$ cat structure.pdb   # PDB, C-alpha atoms
ATOM      1  CA  MET A1102      25.592 -55.649   5.126
ATOM      2  CA  ASP A1103      28.300 -54.840   2.581
ATOM      3  CA  LEU A1104      29.058 -51.172   3.271
ATOM      4  CA  GLU A1105      30.733 -50.802  -0.129
ATOM      5  CA  THR A1106      27.644 -51.794  -2.151
ATOM      6  CA  VAL A1107      24.590 -51.131   0.065
ATOM      7  CA  THR A1108      22.018 -48.786  -1.513
ATOM      8  CA  ALA A1109      21.197 -45.472   0.170
ATOM      9  CA  ASP A1110      17.648 -46.700   0.824
ATOM     10  CA  ALA A1111      18.746 -49.999   2.411
ATOM     11  CA  PHE A1112      21.417 -48.239   4.467
ATOM     12  CA  GLY A1113      18.926 -45.639   5.749
ATOM     13  CA  ARG A1114      16.398 -48.293   6.742
ATOM     14  CA  SER A1115      19.043 -50.260   8.657
ATOM     15  CA  LEU A1116      19.992 -47.406  11.008
ATOM     16  CA  THR A1117      18.919 -47.546  14.676
ATOM     17  CA  GLY A1118      19.761 -45.856  17.961
ATOM     18  CA  ILE A1119      21.594 -42.545  17.652
ATOM     19  CA  GLY A1120      23.156 -41.528  14.347
ATOM     20  CA  LEU A1121      25.904 -38.999  13.781
ATOM     21  CA  ASN A1122      26.260 -37.117  10.495
ATOM     22  CA  LEU A1123      29.006 -34.518  10.000
ATOM     23  CA  LEU A1124      28.932 -31.893   7.265
ATOM     24  CA  THR A1125      32.309 -30.918   5.878
ATOM     25  CA  ARG A1126      33.925 -28.745   3.226
ATOM     26  CA  ASP A1127      36.615 -31.392   2.614
ATOM     27  CA  LEU A1128      35.066 -34.838   2.878
ATOM     28  CA  ARG A1129      38.117 -36.794   1.766
ATOM     29  CA  GLY A1130      40.308 -34.813   4.169
ATOM     30  CA  LEU A1131      38.017 -35.487   7.132
ATOM     31  CA  ALA A1132      37.693 -39.174   6.216
ATOM     32  CA  GLY A1133      41.471 -39.440   5.984
ATOM     33  CA  PHE A1134      41.882 -37.772   9.367
ATOM     34  CA  LEU A1135      39.400 -40.176  11.023
ATOM     35  CA  SER A1136      41.101 -43.154   9.410
ATOM     36  CA  ASP A1137      44.672 -42.024   9.955
ATOM     37  CA  VAL A1138      44.398 -40.615  13.461
ATOM     38  CA  PHE A1139      41.781 -42.907  15.005
ATOM     39  CA  GLY A1140      41.960 -46.040  12.856
ATOM     40  CA  LEU A1141      38.300 -45.830  11.837
ATOM     41  CA  SER A1142      37.303 -47.724   8.698
ATOM     42  CA  VAL A1143      35.943 -45.646   5.806
ATOM     43  CA  HIS A1144      33.458 -47.050   3.282
ATOM     44  CA  ARG A1145      31.732 -45.663   0.160
ATOM     45  CA  LEU A1146      34.249 -42.792   0.071
ATOM     46  CA  SER A1147      33.471 -40.156  -2.557
ATOM     47  CA  ASP A1148      33.659 -36.379  -2.764
ATOM     48  CA  ASP A1149      30.085 -36.211  -1.396
ATOM     49  CA  PHE A1150      29.576 -39.083   1.070
ATOM     50  CA  ALA A1151      31.324 -41.638   3.252
ATOM     51  CA  ILE A1152      30.348 -44.159   5.889
ATOM     52  CA  VAL A1153      32.794 -44.265   8.792
ATOM     53  CA  ARG A1154      32.650 -47.269  11.082
ATOM     54  CA  HIS A1155      33.903 -47.660  14.632
ATOM     55  CA  GLY A1156      32.881 -51.045  16.006
ATOM     56  CA  GLN A1157      29.115 -51.214  15.537
ATOM     57  CA  MET A1158      28.751 -47.418  15.327
ATOM     58  CA  MET A1159      28.239 -45.818  11.928
ATOM     59  CA  LEU A1160      29.193 -42.201  11.355
ATOM     60  CA  GLN A1161      28.156 -40.530   8.110
ATOM     61  CA  LEU A1162      30.071 -37.754   6.381
ATOM     62  CA  HIS A1163      28.350 -35.535   3.818
ATOM     63  CA  SER A1164      29.827 -32.705   1.787
ATOM     64  CA  ASP A1165      28.164 -29.330   2.302
ATOM     65  CA  GLY A1166      26.751 -29.498  -1.230
ATOM     66  CA  THR A1167      24.714 -32.627  -0.520
ATOM     67  CA  PHE A1168      22.698 -30.632   2.022
ATOM     68  CA  ALA A1169      21.866 -27.748  -0.338
ATOM     69  CA  ARG A1170      18.102 -28.232   0.179
ATOM     70  CA  HIS A1171      18.336 -28.727   3.950
ATOM     71  CA  PRO A1172      18.076 -25.697   6.297
ATOM     72  CA  LEU A1173      21.001 -26.796   8.486
ATOM     73  CA  PRO A1174      23.882 -25.322   6.393
ATOM     74  CA  ALA A1175      22.520 -21.833   7.023
ATOM     75  CA  LEU A1176      23.666 -22.276  10.647
ATOM     76  CA  ILE A1177      27.266 -23.208   9.817
ATOM     77  CA  PRO A1178      29.628 -20.337  10.613
ATOM     78  CA  GLU A1179      32.109 -19.181   7.973
ATOM     79  CA  ASN A1180      34.951 -19.472  10.496
ATOM     80  CA  PRO A1181      35.607 -22.448  12.778
ATOM     81  CA  PRO A1182      34.285 -24.099  14.812
ATOM     82  CA  ARG A1183      31.747 -25.806  12.568
ATOM     83  CA  GLY A1184      29.563 -27.133  15.399
ATOM     84  CA  GLY A1185      26.482 -25.960  13.523
ATOM     85  CA  GLY A1186      27.175 -28.700  10.982
ATOM     86  CA  VAL A1187      26.461 -31.474  13.498
ATOM     87  CA  GLN A1188      23.115 -33.253  13.118
ATOM     88  CA  LEU A1189      22.297 -35.878  15.752
ATOM     89  CA  TYR A1190      19.877 -38.524  14.505
ATOM     90  CA  LEU A1191      17.641 -40.312  16.967
ATOM     91  CA  PHE A1192      16.519 -43.398  15.063
ATOM     92  CA  GLY A1193      13.276 -45.079  16.072
ATOM     93  CA  ILE A1194      11.628 -41.873  17.353
ATOM     94  CA  ASP A1195       8.568 -40.680  15.441
ATOM     95  CA  PRO A1196       9.351 -37.211  14.006
ATOM     96  CA  ASP A1197       5.714 -36.104  13.892
ATOM     97  CA  ALA A1198       5.170 -36.887  17.583
ATOM     98  CA  ALA A1199       8.487 -35.257  18.483
ATOM     99  CA  ILE A1200       7.526 -32.086  16.611
ATOM    100  CA  ALA A1201       4.218 -31.933  18.467
ATOM    101  CA  ARG A1202       6.026 -32.198  21.811
ATOM    102  CA  ALA A1203       8.698 -29.675  20.758
ATOM    103  CA  GLU A1204       6.162 -27.110  19.601
ATOM    104  CA  ALA A1205       4.103 -27.565  22.774
ATOM    105  CA  ALA A1206       7.237 -26.775  24.798
ATOM    106  CA  GLY A1207       8.164 -23.768  22.642
ATOM    107  CA  HIS A1208      11.214 -25.281  20.935
ATOM    108  CA  THR A1209      12.302 -24.454  17.372
ATOM    109  CA  VAL A1210      11.450 -26.874  14.568
ATOM    110  CA  LEU A1211      14.105 -26.247  11.944
ATOM    111  CA  GLU A1212      12.773 -28.768   9.432
ATOM    112  CA  PRO A1213       9.252 -30.229   9.504
ATOM    113  CA  ALA A1214       8.745 -33.983   9.198
ATOM    114  CA  ALA A1215       9.216 -35.192   5.628
ATOM    115  CA  ASP A1216       9.729 -38.427   3.729
ATOM    116  CA  LYS A1217      13.290 -38.475   2.410
ATOM    117  CA  PRO A1218      14.735 -40.377  -0.586
ATOM    118  CA  HIS A1219      17.089 -42.299   1.704
ATOM    119  CA  GLY A1220      14.193 -44.295   3.184
ATOM    120  CA  LEU A1221      13.457 -42.269   6.326
ATOM    121  CA  ARG A1222      10.783 -39.907   7.578
ATOM    122  CA  GLU A1223      12.641 -37.290   9.587
ATOM    123  CA  ALA A1224      12.543 -33.786  11.036
ATOM    124  CA  THR A1225      15.074 -31.450  12.638
ATOM    125  CA  ILE A1226      14.472 -29.815  16.017
ATOM    126  CA  LEU A1227      16.895 -27.427  17.725
ATOM    127  CA  SER A1228      17.733 -27.813  21.401
ATOM    128  CA  PRO A1229      17.831 -24.617  23.496
ATOM    129  CA  GLU A1230      21.607 -24.536  22.920
ATOM    130  CA  GLY A1231      21.184 -24.896  19.151
ATOM    131  CA  TYR A1232      22.076 -28.559  18.658
ATOM    132  CA  ALA A1233      20.174 -30.103  15.770
ATOM    133  CA  PHE A1234      18.377 -33.330  16.698
ATOM    134  CA  SER A1235      16.643 -35.331  13.977
ATOM    135  CA  PRO A1236      14.156 -37.997  15.027
ATOM    136  CA  ALA A1237      13.723 -40.487  12.188
ATOM    137  CA  VAL A1238      11.823 -43.664  11.358
ATOM    138  CA  PRO A1239      12.043 -45.928   8.311
ATOM    139  CA  LEU A1240       9.448 -45.383   5.608
ATOM    140  CA  PRO A1241       7.005 -48.283   5.198
TER
END
$ encode --input "structure.pdb" --output "structure tokens"
Amino acid sequence: MDLETVTADAFGRSLTGIGLNLLTRDLRGLAGFLSDVFGLSVHRLSDDFAIVRHGQMMLQLHSDGTFARHPLPALIPENPPRGGGVQLYLFGIDPDAAIARAEAAGHTVLEPAADKPHGLREATILSPEGYAFSPAVPLP
């Protein structure tokens, strides 16, 4: 896959395993830090989005503004640390089934399962400590 030209839909459908997406106020600054300090390769760099690669692992960076319709930014503190901006994707896990299990156990569903324009059906469920886990499967 050419990370410089892949469409959002094709990229979303290709993701498996665990995905890491970091929200940031300064996307180019964070991408530069990851590249400069750790030698990670940065692809599709813009003010709003970047793909960061380390071996076979893909890390996504999104500017805060790209998540304006998502409930997660409401949890980000004004002052550091920004741990509330971490969303841990669990690719290949059905979000509807995960929500049913989470609700049965009394956990908080932050975002109900929904079909997203990037080719995934996903939800967001908070762990007891407040970490945001998002089970996601490709749309048919």
$ resolve_selection --input "structure.pdb" --expression "the PyMOL selection byres ((chain A and resi 1208-1225) around 9)" --output "number ranges by chain"
A: 1108-1114, 1171-1173, 1188, 1190, 1195-1197, 1199-1200, 1202-1207, 1226-1229, 1233-1241
$ atom_distance --input "structure.pdb" --atom1 "CA of Phe1139 in chain A" --atom2 "CA of Gly1193 in chain A"
28.6 Å
$ atom_distance --input "structure.pdb" --atom1 "CA of Leu1191 in chain A" --atom2 "CA of Thr1106 in chain A"
24.4 Å
$ closest_residue --input "structure.pdb" --among "A:Val1143, A:Met1102, A:Gln1157, A:Leu1162" --to "Leu1128 in chain A" --atoms "all atoms listed in the file"
A:Leu1162
$ atom_distance --input "structure.pdb" --atom1 "CA of Ser1115 in chain A" --atom2 "CA of Asp1127 in chain A"
26.5 Å
$ resolve_selection --input "structure.pdb" --expression "the PyMOL selection byres ((chain A and resi 1104) around 8)" --output "list in words"
Met1102, Asp1103, Glu1105, Thr1106, Val1107, His1144, Arg1145 and Ile1152 of chain A
$ axis_aligned_box --input "structure.pdb" --around "range 1226-1238 of chain A" --padding-each-side "3 Å" --output "JSON"
{"center_x": 16.9, "center_y": -34.1, "center_z": 17.4, "size_x": 16.3, "size_y": 25.1, "size_z": 18.1}
$ residues_around --input "structure.pdb" --residues "Gly1166 in chain A" --least-positions-apart "4" --cutoff "10 Å" --atoms "only C-alpha atoms" --output "PDB file with C-alpha atoms, in the coordinates of the input"
ATOM      1  CA  LEU A1124      28.932 -31.893   7.265  1.00  0.00           C
ATOM      2  CA  THR A1125      32.309 -30.918   5.878  1.00  0.00           C
ATOM      3  CA  ARG A1126      33.925 -28.745   3.226  1.00  0.00           C
ATOM      4  CA  ASP A1148      33.659 -36.379  -2.764  1.00  0.00           C
ATOM      5  CA  ASP A1149      30.085 -36.211  -1.396  1.00  0.00           C
ATOM      6  CA  ARG A1170      18.102 -28.232   0.179  1.00  0.00           C
ATOM      7  CA  HIS A1171      18.336 -28.727   3.950  1.00  0.00           C
ATOM      8  CA  PRO A1174      23.882 -25.322   6.393  1.00  0.00           C
TER       9      PRO A1174
END
$ closest_residue --input "structure.pdb" --among "A:Ala1132, A:Asn1180, A:Leu1141, A:Ala1169" --to "Gly1156 in chain A" --atoms "all atoms listed in the file"
A:Leu1141
$ build_atoms --input "structure.pdb" --residues "range 1206-1224 of chain A" --atoms "N, CA, C and O atoms" --output "tab-separated table (two decimals), in the coordinates of the input"
chain	number	residue	atom	x	y	z
A	1206	ALA	N	6.29	-27.30	23.81
A	1206	ALA	CA	7.24	-26.78	24.80
A	1206	ALA	C	7.93	-25.50	24.34
A	1206	ALA	O	8.78	-24.96	25.04
A	1207	GLY	N	7.59	-25.01	23.13
A	1207	GLY	CA	8.16	-23.77	22.64
A	1207	GLY	C	9.53	-23.88	22.00
A	1207	GLY	O	10.23	-22.89	21.84
A	1208	HIS	N	9.92	-25.09	21.59
A	1208	HIS	CA	11.21	-25.28	20.94
A	1208	HIS	C	11.11	-24.99	19.44
A	1208	HIS	O	10.03	-24.97	18.87
A	1209	THR	N	12.25	-24.79	18.79
A	1209	THR	CA	12.30	-24.45	17.37
A	1209	THR	C	12.36	-25.71	16.51
A	1209	THR	O	13.25	-26.55	16.68
A	1210	VAL	N	11.42	-25.81	15.57
A	1210	VAL	CA	11.45	-26.87	14.57
A	1210	VAL	C	12.14	-26.28	13.34
A	1210	VAL	O	11.60	-25.39	12.68
A	1211	LEU	N	13.33	-26.76	13.07
A	1211	LEU	CA	14.10	-26.25	11.94
A	1211	LEU	C	13.61	-26.82	10.63
A	1211	LEU	O	13.55	-26.12	9.62
A	1212	GLU	N	13.25	-28.09	10.64
A	1212	GLU	CA	12.77	-28.77	9.43
A	1212	GLU	C	11.58	-29.64	9.81
A	1212	GLU	O	11.70	-30.53	10.65
A	1213	PRO	N	10.41	-29.40	9.19
A	1213	PRO	CA	9.25	-30.23	9.50
A	1213	PRO	C	9.45	-31.67	9.03
A	1213	PRO	O	10.32	-31.95	8.21
A	1214	ALA	N	8.66	-32.57	9.57
A	1214	ALA	CA	8.74	-33.98	9.20
A	1214	ALA	C	8.49	-34.14	7.70
A	1214	ALA	O	7.59	-33.52	7.14
A	1215	ALA	N	9.34	-34.96	7.07
A	1215	ALA	CA	9.22	-35.19	5.63
A	1215	ALA	C	9.77	-36.57	5.29
A	1215	ALA	O	10.69	-37.06	5.96
A	1216	ASP	N	9.22	-37.17	4.25
A	1216	ASP	CA	9.73	-38.43	3.73
A	1216	ASP	C	10.92	-38.11	2.85
A	1216	ASP	O	10.82	-37.31	1.92
A	1217	LYS	N	12.05	-38.75	3.13
A	1217	LYS	CA	13.29	-38.48	2.41
A	1217	LYS	C	13.64	-39.62	1.46
A	1217	LYS	O	13.24	-40.76	1.69
A	1218	PRO	N	14.40	-39.33	0.39
A	1218	PRO	CA	14.74	-40.38	-0.59
A	1218	PRO	C	15.64	-41.47	-0.04
A	1218	PRO	O	15.78	-42.52	-0.66
A	1219	HIS	N	16.23	-41.27	1.12
A	1219	HIS	CA	17.09	-42.30	1.70
A	1219	HIS	C	16.33	-43.24	2.63
A	1219	HIS	O	16.93	-43.93	3.44
A	1220	GLY	N	14.99	-43.29	2.49
A	1220	GLY	CA	14.19	-44.30	3.18
A	1220	GLY	C	13.75	-43.95	4.59
A	1220	GLY	O	13.29	-44.83	5.31
A	1221	LEU	N	13.85	-42.68	4.98
A	1221	LEU	CA	13.46	-42.27	6.33
A	1221	LEU	C	12.44	-41.14	6.28
A	1221	LEU	O	12.43	-40.32	5.37
A	1222	ARG	N	11.59	-41.09	7.30
A	1222	ARG	CA	10.78	-39.91	7.58
A	1222	ARG	C	11.50	-39.24	8.74
A	1222	ARG	O	11.74	-39.86	9.78
A	1223	GLU	N	11.84	-37.97	8.58
A	1223	GLU	CA	12.64	-37.29	9.59
A	1223	GLU	C	12.27	-35.83	9.70
A	1223	GLU	O	11.61	-35.26	8.83
A	1224	ALA	N	12.72	-35.21	10.78
A	1224	ALA	CA	12.54	-33.79	11.04
A	1224	ALA	C	13.81	-33.30	11.72
A	1224	ALA	O	14.66	-34.10	12.10
